[in-house]
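First up is the structure itself, then whatever we jot down about it.
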Amino acid sequence: MDWNTRITKSLNIKYPIVQGGLAHLAYSELAAAVSNAGGLGQVTAMSMNSEEQLREEIHKVRSMTSSPFGVNFAIGQHGRPFESMVQTAIDEDVPVISITGGNPKPIFDMLEGTNIKTLVLVAAKRQAVKAEQLGAEAVMVVGQEGGGHIGREDVSTMVLTPQVAEAVDIPVIASGGIGDGKGLMAALSLGAEGIEMGTRFIATQECVHAHQAYKDALIQADENSTVVIKRSLGAPARALKNGWTDRILELEKGEPGYEGLRDYISGLRNKKYIYEGEETEGFGWAGQVTARIKDVPSVEELIQRMITEAEEIRKSWC
């Protein structure tokens, strides 16, 4: 099967598979493994403590792979300034920068005159159109099934992907609810030219920063094992359901605002669970694709399994 799409050609990758940013988890080991397996691996800049740490991670990726990779910038409402981190990525001449969680224009302004390819995560058609106007190489379209931050409207990947594909001329990458060859083929049939996966890559051997309890929870989960928190803040995000998310949802009934929720939804609480496995003291992001996760393979095994499954599906159509 010919896997060439505008995404593979533009990003110079073998398969149209992009690894999501994965806050506090997307470091050099995972990024290099995905890129070596034929996809686009990424490190997530805003989880780094400093510009120097980001620079070191970029150097580590380059020491482990000669294939293209990306640096993700999650520029959320309560995040710290990102300009110096972006400048570090520019100075290191990274191949790809992806932007999630905020207005991408300031980053596009900084990238003017560079050869860095840009991907923008969107959760609505209007956002995709805007990203195209700004000059994005492609848009990553996340439906409500996705893990982490999703759109404010409960629109599924199945519906949103073709809507966006028909609204823009640049390539579309589908995200949310995808974790195997079936999802890959479904995305392509909807008009996407690639996929982004986040949750599925957590349950891999090279996601070395994720605690085993987190990976075990992903394997044991079903389609009803995630919940959406932070709706009261206008920033809905999907996480694994546990006692901590139950407390968050109970607090949200009283609309406490960001200050009232800050200690419960902070990065520290996220890391308490994903790094230490303390589910009574924190939470972990996850999408509904948890229902499709049954093991913790290597990244290479996962991607090859997906490609084999997708090609078998394609053959069955003949």
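Order determines the names: the first chain of the structure tokens is A, the second B, and so forth; residues in each chain are numbered 1 upward, and ligands are numbered 1 upward as they are shown.
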
Using only C-alpha atoms, which protein or nucleic acid residues come within 12 Å of Glu112 of chain A? Drop anything in the same chain fewer than 5 positions from it, and give the result as a tab-separated table (two decimals) with N, CA and C atoms, in the first residue's frame.
```
chain	number	residue	atom	x	y	z
A	87	GLN	N	12.11	30.53	20.58
A	87	GLN	CA	13.38	31.00	20.01
A	87	GLN	C	14.44	29.92	20.08
A	90	ILE	N	13.83	27.61	17.29
A	90	ILE	CA	14.26	28.25	16.05
A	90	ILE	C	15.78	28.20	15.92
A	105	LYS	N	-0.85	32.80	16.45
A	105	LYS	CA	-0.28	33.90	15.66
A	105	LYS	C	1.08	34.38	16.17
A	106	PRO	N	1.27	34.58	17.48
A	106	PRO	CA	2.59	35.04	17.93
A	106	PRO	C	3.72	34.10	17.52
A	107	ILE	N	3.46	32.81	17.52
A	107	ILE	CA	4.50	31.87	17.10
A	107	ILE	C	4.73	31.96	15.60
A	117	LYS	N	8.37	23.75	9.48
A	117	LYS	CA	6.98	23.41	9.16
A	117	LYS	C	6.12	23.58	10.41
A	118	THR	N	4.87	23.99	10.21
A	118	THR	CA	3.98	24.26	11.35
A	118	THR	C	2.71	23.44	11.27
A	134	LEU	N	-3.08	31.79	8.53
A	134	LEU	CA	-1.81	32.16	9.15
A	134	LEU	C	-0.62	31.51	8.47
A	135	GLY	N	-0.89	30.45	7.71
A	135	GLY	CA	0.18	29.78	6.98
A	135	GLY	C	0.56	28.41	7.50
A	136	ALA	N	-0.32	27.76	8.25
A	136	ALA	CA	-0.03	26.44	8.78
A	136	ALA	C	0.20	25.44	7.65
```

Long-range neighbours of Arg231 of chain A as a list in words, 9 Å cut-off, only C-alpha atoms, 6 positions minimum in chain: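 Skipping anything fewer than 6 positions along the chain leaves Arg152, Ala237 and Glu252 of chain A.
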
Of the listed residues A:Leu160, A:Leu249, A:Ala239, A:Ala131, that which approaches Asn103 of chain A most closely, counting only C-alpha atoms: A:Ala131

Please extract the residues of segment 49-233 of chain A with a backbone DSSP assignment of strand (DSSP E) and present them as JSON, numbers by chain. {"A": [69, 70, 71, 72, 73, 74, 96, 97, 98, 99, 100, 117, 118, 119, 120, 121, 122, 138, 139, 140, 141, 142, 148, 149, 172, 173, 174, 175, 194, 195, 196, 197, 226, 227, 228, 229]}

Since we have the selection now, will you write its residues out, keeping N, CA, C and O atoms, as a compact mmCIF listing (two decimals), in the first residue's frame?
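Result file follows (out_0.txt):
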```txt
# COMPACT_ATOMS: atom_id res chain seq x y z
N PHE A 69 11.64 15.30 13.31
CA PHE A 69 10.90 15.29 14.56
C PHE A 69 10.31 16.68 14.77
O PHE A 69 10.63 17.62 14.03
N GLY A 70 9.47 16.81 15.77
CA GLY A 70 8.84 18.09 16.04
C GLY A 70 9.01 18.52 17.49
O GLY A 70 9.38 17.72 18.36
N VAL A 71 8.73 19.80 17.72
CA VAL A 71 8.65 20.35 19.07
C VAL A 71 7.26 20.93 19.24
O VAL A 71 6.83 21.77 18.45
N ASN A 72 6.56 20.47 20.26
CA ASN A 72 5.19 20.91 20.51
C ASN A 72 5.18 22.06 21.52
O ASN A 72 5.89 22.03 22.53
N PHE A 73 4.33 23.06 21.24
CA PHE A 73 4.15 24.18 22.16
C PHE A 73 2.68 24.27 22.56
O PHE A 73 1.82 24.58 21.74
N ALA A 74 2.41 23.93 23.82
CA ALA A 74 1.07 24.06 24.38
C ALA A 74 1.00 25.41 25.08
O ALA A 74 1.61 25.62 26.13
N VAL A 96 10.02 20.70 12.62
CA VAL A 96 8.57 20.93 12.74
C VAL A 96 8.27 21.54 14.10
O VAL A 96 8.86 21.14 15.11
N ILE A 97 7.34 22.48 14.12
CA ILE A 97 6.78 22.99 15.37
C ILE A 97 5.27 22.81 15.30
O ILE A 97 4.63 23.16 14.31
N SER A 98 4.70 22.24 16.36
CA SER A 98 3.24 22.13 16.47
C SER A 98 2.76 23.02 17.60
O SER A 98 3.46 23.21 18.59
N ILE A 99 1.55 23.54 17.43
CA ILE A 99 1.01 24.52 18.37
C ILE A 99 -0.36 24.06 18.84
O ILE A 99 -1.23 23.74 18.02
N THR A 100 -0.55 24.02 20.14
CA THR A 100 -1.82 23.59 20.70
C THR A 100 -2.24 24.52 21.82
O THR A 100 -1.41 25.15 22.48
N LYS A 117 8.37 23.75 9.48
CA LYS A 117 6.98 23.41 9.16
C LYS A 117 6.12 23.58 10.41
O LYS A 117 6.57 23.32 11.53
N THR A 118 4.87 23.99 10.21
CA THR A 118 3.98 24.26 11.35
C THR A 118 2.71 23.44 11.27
O THR A 118 2.05 23.37 10.23
N LEU A 119 2.37 22.83 12.40
CA LEU A 119 1.11 22.10 12.56
C LEU A 119 0.33 22.78 13.68
O LEU A 119 0.90 23.11 14.71
N VAL A 120 -0.97 22.95 13.49
CA VAL A 120 -1.80 23.60 14.50
C VAL A 120 -2.94 22.67 14.88
O VAL A 120 -3.67 22.18 14.00
N LEU A 121 -3.10 22.43 16.19
CA LEU A 121 -4.22 21.63 16.67
C LEU A 121 -5.46 22.49 16.77
O LEU A 121 -5.43 23.57 17.37
N VAL A 122 -6.57 22.02 16.17
CA VAL A 122 -7.83 22.76 16.19
C VAL A 122 -8.95 21.84 16.64
O VAL A 122 -8.87 20.62 16.50
N ALA A 138 -0.31 22.25 8.06
CA ALA A 138 -1.44 21.33 8.21
C ALA A 138 -2.14 21.62 9.52
O ALA A 138 -1.58 22.26 10.42
N VAL A 139 -3.38 21.16 9.63
CA VAL A 139 -4.10 21.27 10.89
C VAL A 139 -4.37 19.87 11.45
O VAL A 139 -4.64 18.93 10.69
N MET A 140 -4.26 19.76 12.75
CA MET A 140 -4.59 18.53 13.45
C MET A 140 -5.95 18.73 14.10
O MET A 140 -6.12 19.64 14.92
N VAL A 141 -6.91 17.92 13.73
CA VAL A 141 -8.30 18.11 14.13
C VAL A 141 -8.63 17.15 15.26
O VAL A 141 -8.64 15.93 15.06
N VAL A 142 -8.92 17.68 16.45
CA VAL A 142 -9.21 16.81 17.59
C VAL A 142 -10.69 16.82 17.90
O VAL A 142 -11.31 17.87 18.09
N GLY A 148 -6.77 14.78 27.12
CA GLY A 148 -6.28 16.13 27.35
C GLY A 148 -7.29 17.15 26.88
O GLY A 148 -8.50 16.88 26.86
N HIS A 149 -6.83 18.32 26.50
CA HIS A 149 -7.75 19.40 26.16
C HIS A 149 -8.42 19.18 24.81
O HIS A 149 -7.76 18.85 23.82
N VAL A 172 -5.17 17.75 6.42
CA VAL A 172 -5.80 17.56 7.73
C VAL A 172 -5.25 16.29 8.37
O VAL A 172 -5.12 15.25 7.71
N ILE A 173 -4.94 16.38 9.64
CA ILE A 173 -4.49 15.25 10.45
C ILE A 173 -5.57 15.00 11.49
O ILE A 173 -5.90 15.90 12.28
N ALA A 174 -6.14 13.80 11.51
CA ALA A 174 -7.23 13.49 12.44
C ALA A 174 -6.67 13.04 13.78
O ALA A 174 -5.68 12.31 13.85
N SER A 175 -7.32 13.49 14.86
CA SER A 175 -6.88 13.16 16.21
C SER A 175 -8.09 12.92 17.11
O SER A 175 -9.12 13.56 16.95
N GLY A 194 -3.49 12.07 7.46
CA GLY A 194 -2.63 11.56 8.50
C GLY A 194 -3.39 11.51 9.81
O GLY A 194 -4.54 11.96 9.89
N ILE A 195 -2.77 10.97 10.83
CA ILE A 195 -3.38 10.89 12.15
C ILE A 195 -2.40 11.38 13.21
O ILE A 195 -1.18 11.32 13.03
N GLU A 196 -2.95 11.86 14.31
CA GLU A 196 -2.16 12.15 15.50
C GLU A 196 -2.66 11.25 16.61
O GLU A 196 -3.87 11.10 16.80
N MET A 197 -1.74 10.64 17.35
CA MET A 197 -2.10 9.79 18.49
C MET A 197 -1.36 10.28 19.73
O MET A 197 -0.16 10.55 19.67
N THR A 226 -13.27 7.36 31.12
CA THR A 226 -12.74 8.72 31.12
C THR A 226 -13.86 9.71 31.41
O THR A 226 -15.03 9.41 31.20
N VAL A 227 -13.47 10.88 31.88
CA VAL A 227 -14.43 11.95 32.16
C VAL A 227 -13.84 13.27 31.66
O VAL A 227 -12.63 13.40 31.49
N VAL A 228 -14.71 14.24 31.45
CA VAL A 228 -14.27 15.56 31.01
C VAL A 228 -14.33 16.51 32.20
O VAL A 228 -15.39 16.73 32.79
N ILE A 229 -13.18 17.06 32.55
CA ILE A 229 -13.09 18.02 33.64
C ILE A 229 -12.84 19.42 33.06
O ILE A 229 -12.61 19.57 31.87
```

Can you tell me which residues surround Ile248 of chain A at a distance of at most 8 Å, considering only C-alpha atoms, apart from same-chain residues fewer than 6 positions away, and format the answer as a count of residues only? 4

Selection near Cys207 of chain A, 8 Å with only C-alpha atoms, sequence-local residues under 2 positions removed, as a PyMOL selection string: chain A and resi 25-26+29-30+201-205+209-210

Go ahead and write the residues just picked, C-alpha atoms, as a PDB file, in the first residue's frame.
```
ATOM      1  CA  LEU A  25       5.656  12.719  28.916  1.00  0.00           C
ATOM      2  CA  ALA A  26       6.871  13.615  25.424  1.00  0.00           C
ATOM      3  CA  GLU A  29      13.143   8.686  24.134  1.00  0.00           C
ATOM      4  CA  LEU A  30       9.567   8.593  22.851  1.00  0.00           C
ATOM      5  CA  PHE A 201       1.722   6.286  22.679  1.00  0.00           C
ATOM      6  CA  ILE A 202       1.655   6.567  26.487  1.00  0.00           C
ATOM      7  CA  ALA A 203       1.158   2.806  26.667  1.00  0.00           C
ATOM      8  CA  THR A 204       4.457   2.036  24.931  1.00  0.00           C
ATOM      9  CA  GLN A 205       7.810   0.923  26.240  1.00  0.00           C
ATOM     10  CA  HIS A 209       8.382   8.756  32.147  1.00  0.00           C
ATOM     11  CA  ALA A 210       4.876   7.300  32.534  1.00  0.00           C
TER      12      ALA A 210
END
```

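Near Glu57 of chain A, within a cut-off of 12 Å and counting only C-alpha atoms, sit the residues Ala26, Tyr27, Ser28, Glu29, Leu30, Ala31, Ala32, Gln42, Val43, Thr44, Ala45, Ser47, Met48, Asn49, Ser50, Glu51, Ser63, Met64, Phe69, Gly70, Val71, Thr88, Ala89, Glu92 and Val94 of chain A, with same-chain residues fewer than 6 positions away left out.
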
Atoms kept (N, CA, C and O atoms) for selection, written as an mmCIF file, in the first residue's frame:
```
data_model
loop_
_atom_site.group_PDB
_atom_site.id
_atom_site.type_symbol
_atom_site.label_atom_id
_atom_site.label_comp_id
_atom_site.auth_asym_id
_atom_site.auth_seq_id
_atom_site.Cartn_x
_atom_site.Cartn_y
_atom_site.Cartn_z
ATOM 1 N N ALA A 26 6.271 13.666 26.761
ATOM 2 C CA ALA A 26 6.871 13.615 25.424
ATOM 3 C C ALA A 26 8.299 14.141 25.485
ATOM 4 O O ALA A 26 8.557 15.338 25.292
ATOM 5 N N TYR A 27 9.225 13.221 25.752
ATOM 6 C CA TYR A 27 10.639 13.558 25.806
ATOM 7 C C TYR A 27 11.389 12.812 24.702
ATOM 8 O O TYR A 27 10.782 12.157 23.854
ATOM 9 N N SER A 28 12.691 12.905 24.720
ATOM 10 C CA SER A 28 13.503 12.442 23.601
ATOM 11 C C SER A 28 13.349 10.949 23.317
ATOM 12 O O SER A 28 13.355 10.539 22.151
ATOM 13 N N GLU A 29 13.219 10.135 24.357
ATOM 14 C CA GLU A 29 13.143 8.686 24.134
ATOM 15 C C GLU A 29 11.936 8.322 23.271
ATOM 16 O O GLU A 29 12.041 7.534 22.318
ATOM 17 N N LEU A 30 10.787 8.891 23.605
ATOM 18 C CA LEU A 30 9.567 8.593 22.851
ATOM 19 C C LEU A 30 9.629 9.238 21.475
ATOM 20 O O LEU A 30 9.295 8.596 20.466
ATOM 21 N N ALA A 31 10.042 10.488 21.412
ATOM 22 C CA ALA A 31 10.079 11.194 20.128
ATOM 23 C C ALA A 31 10.986 10.478 19.134
ATOM 24 O O ALA A 31 10.611 10.276 17.966
ATOM 25 N N ALA A 32 12.165 10.087 19.565
ATOM 26 C CA ALA A 32 13.100 9.406 18.663
ATOM 27 C C ALA A 32 12.556 8.060 18.215
ATOM 28 O O ALA A 32 12.716 7.672 17.050
ATOM 29 N N GLN A 42 7.649 13.837 18.728
ATOM 30 C CA GLN A 42 7.730 15.202 19.218
ATOM 31 C C GLN A 42 8.162 15.243 20.680
ATOM 32 O O GLN A 42 7.820 14.347 21.453
ATOM 33 N N VAL A 43 8.877 16.299 21.043
ATOM 34 C CA VAL A 43 9.076 16.629 22.448
ATOM 35 C C VAL A 43 8.179 17.823 22.752
ATOM 36 O O VAL A 43 7.869 18.618 21.865
ATOM 37 N N THR A 44 7.746 17.928 23.998
ATOM 38 C CA THR A 44 6.825 18.999 24.354
ATOM 39 C C THR A 44 7.562 20.071 25.154
ATOM 40 O O THR A 44 8.034 19.841 26.266
ATOM 41 N N ALA A 45 7.686 21.242 24.554
ATOM 42 C CA ALA A 45 8.566 22.284 25.091
ATOM 43 C C ALA A 45 8.138 22.808 26.447
ATOM 44 O O ALA A 45 8.965 23.011 27.341
ATOM 45 N N SER A 47 6.745 21.598 28.910
ATOM 46 C CA SER A 47 6.955 20.747 30.075
ATOM 47 C C SER A 47 8.393 20.842 30.578
ATOM 48 O O SER A 47 8.707 20.319 31.645
ATOM 49 N N MET A 48 9.244 21.493 29.796
ATOM 50 C CA MET A 48 10.642 21.649 30.186
ATOM 51 C C MET A 48 10.781 22.777 31.207
ATOM 52 O O MET A 48 10.005 23.727 31.222
ATOM 53 N N ASN A 49 11.796 22.666 32.044
ATOM 54 C CA ASN A 49 12.015 23.669 33.082
ATOM 55 C C ASN A 49 12.709 24.917 32.569
ATOM 56 O O ASN A 49 12.628 25.977 33.188
ATOM 57 N N SER A 50 13.400 24.791 31.441
ATOM 58 C CA SER A 50 14.187 25.920 30.950
ATOM 59 C C SER A 50 14.487 25.751 29.471
ATOM 60 O O SER A 50 14.301 24.671 28.895
ATOM 61 N N GLU A 51 14.995 26.831 28.875
ATOM 62 C CA GLU A 51 15.425 26.779 27.487
ATOM 63 C C GLU A 51 16.563 25.783 27.315
ATOM 64 O O GLU A 51 16.625 25.072 26.309
ATOM 65 N N SER A 63 20.606 12.769 18.546
ATOM 66 C CA SER A 63 21.605 11.725 18.763
ATOM 67 C C SER A 63 21.013 10.329 18.585
ATOM 68 O O SER A 63 21.764 9.360 18.388
ATOM 69 N N MET A 64 19.677 10.228 18.648
ATOM 70 C CA MET A 64 19.013 8.922 18.568
ATOM 71 C C MET A 64 18.317 8.672 17.241
ATOM 72 O O MET A 64 17.932 7.537 16.951
ATOM 73 N N PHE A 69 11.642 15.304 13.309
ATOM 74 C CA PHE A 69 10.898 15.290 14.558
ATOM 75 C C PHE A 69 10.313 16.682 14.766
ATOM 76 O O PHE A 69 10.628 17.621 14.030
ATOM 77 N N GLY A 70 9.468 16.811 15.770
ATOM 78 C CA GLY A 70 8.838 18.092 16.042
ATOM 79 C C GLY A 70 9.006 18.521 17.490
ATOM 80 O O GLY A 70 9.382 17.720 18.358
ATOM 81 N N VAL A 71 8.732 19.798 17.718
ATOM 82 C CA VAL A 71 8.653 20.346 19.075
ATOM 83 C C VAL A 71 7.261 20.932 19.242
ATOM 84 O O VAL A 71 6.833 21.767 18.445
ATOM 85 N N THR A 88 14.424 29.151 21.160
ATOM 86 C CA THR A 88 15.373 28.039 21.281
ATOM 87 C C THR A 88 15.154 27.028 20.168
ATOM 88 O O THR A 88 16.121 26.544 19.549
ATOM 89 N N ALA A 89 13.892 26.690 19.898
ATOM 90 C CA ALA A 89 13.589 25.748 18.819
ATOM 91 C C ALA A 89 14.020 26.304 17.469
ATOM 92 O O ALA A 89 14.529 25.570 16.612
ATOM 93 N N GLU A 92 17.754 26.104 17.118
ATOM 94 C CA GLU A 92 18.168 24.725 16.865
ATOM 95 C C GLU A 92 17.680 24.210 15.508
ATOM 96 O O GLU A 92 17.961 23.066 15.138
ATOM 97 N N VAL A 94 14.766 23.238 14.324
ATOM 98 C CA VAL A 94 14.001 21.994 14.361
ATOM 99 C C VAL A 94 13.156 21.889 13.089
ATOM 100 O O VAL A 94 12.762 22.901 12.512
#
```

Nearest to Ala286 of chain A, chosen from A:Ser298, A:Ser225, A:Thr245, A:Thr5, with only C-alpha atoms counted in the distances: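 Comparing A:Ser298, A:Ser225, A:Thr245, A:Thr5 against Ala286 of chain A, the winner is A:Ser225.
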
For Ala186 of chain A, the nearest of the candidates A:Leu302, A:Leu268, A:Ile219, A:Ala310, counting only C-alpha atoms: A:Ala310

So that I can check the surroundings of Thr280 of chain A, please list as a tab-separated table (two decimals) with N, CA and C atoms, in the first residue's frame every protein, DNA and RNA residue that reaches within 7 Å of it, counting only C-alpha atoms and ignoring chain neighbours fewer than 2 positions away.
```
chain	number	residue	atom	x	y	z
A	243	GLY	N	-10.77	8.80	41.75
A	243	GLY	CA	-11.29	9.56	42.88
A	243	GLY	C	-10.95	11.03	42.80
A	244	TRP	N	-9.79	11.35	42.22
A	244	TRP	CA	-9.38	12.75	42.12
A	244	TRP	C	-10.26	13.52	41.13
A	278	GLU	N	0.11	7.94	41.96
A	278	GLU	CA	-0.72	8.27	43.11
A	278	GLU	C	-2.10	8.73	42.65
A	282	GLY	N	-3.91	12.73	42.37
A	282	GLY	CA	-3.71	13.37	41.09
A	282	GLY	C	-4.47	12.67	39.98
```

Please determine, counting only C-alpha atoms, which residue among A:Gly146, A:Phe283, A:Leu251, A:Glu137 has the shortest atom-to-atom distance to Tyr214 of chain A.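 Closest residue, counting only C-alpha atoms: A:Phe283.
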
Give me the residues within 10 Å of Val168 of chain A as number ranges by chain, counting only C-alpha atoms and dropping any in the same chain fewer than 2 places off. A: 125-126, 128-133, 138-139, 163-166, 170-172

Save the residues we just selected, C-alpha atoms, as a compact mmCIF listing (two decimals), in the first residue's frame?
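Contents of the output file part_8.txt:
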```txt
# COMPACT_ATOMS: atom_id res chain seq x y z
CA LYS A 125 -13.75 24.43 11.61
CA ARG A 126 -13.30 28.17 12.18
CA ALA A 128 -8.79 25.43 11.03
CA VAL A 129 -9.63 28.16 8.55
CA LYS A 130 -7.76 30.69 10.69
CA ALA A 131 -4.73 28.41 10.94
CA GLU A 132 -4.66 28.07 7.18
CA GLN A 133 -4.79 31.85 6.80
CA ALA A 138 -1.44 21.33 8.21
CA VAL A 139 -4.10 21.27 10.89
CA GLN A 163 -16.03 19.11 7.97
CA VAL A 164 -12.56 20.58 8.26
CA ALA A 165 -11.18 18.67 5.28
CA GLU A 166 -13.87 20.25 3.10
CA ILE A 170 -4.12 22.35 3.51
CA PRO A 171 -3.79 18.75 4.74
CA VAL A 172 -5.80 17.56 7.73
```

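Residue nearest Ser66 of chain A, chosen from A:Gly38, A:Asp295, A:Asp91, A:Leu54 and counting only C-alpha atoms: A:Gly38.
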
What are the DSSP alpha helix (DSSP H) residues of segment 60-275 of chain A, as an MDAnalysis selection string? chainID A and resid 60:64 83:91 105:111 125:134 157:167 181:189 199:202 212:220 243:252 257:265 267:274

In terms of the shortest atom-to-atom distance over only C-alpha atoms, which of A:Ala235, A:Leu240, A:Leu218, A:Met306 is closest to Ala291 of chain A?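 Checking each candidate against Ala291 of chain A, we get A:Leu218 as the closest.
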
In Å to one decimal, how far is atom CA of Ala213 of chain A from atom CA of Pro236 of chain A? 24.3 Å

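Across the model, the gap from atom CA of Ile75 of chain A to atom CA of Glu259 of chain A is 19.1 Å.
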
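You will find atom CA of Gly147 of chain A at 15.6 Å from atom CA of Lys271 of chain A.
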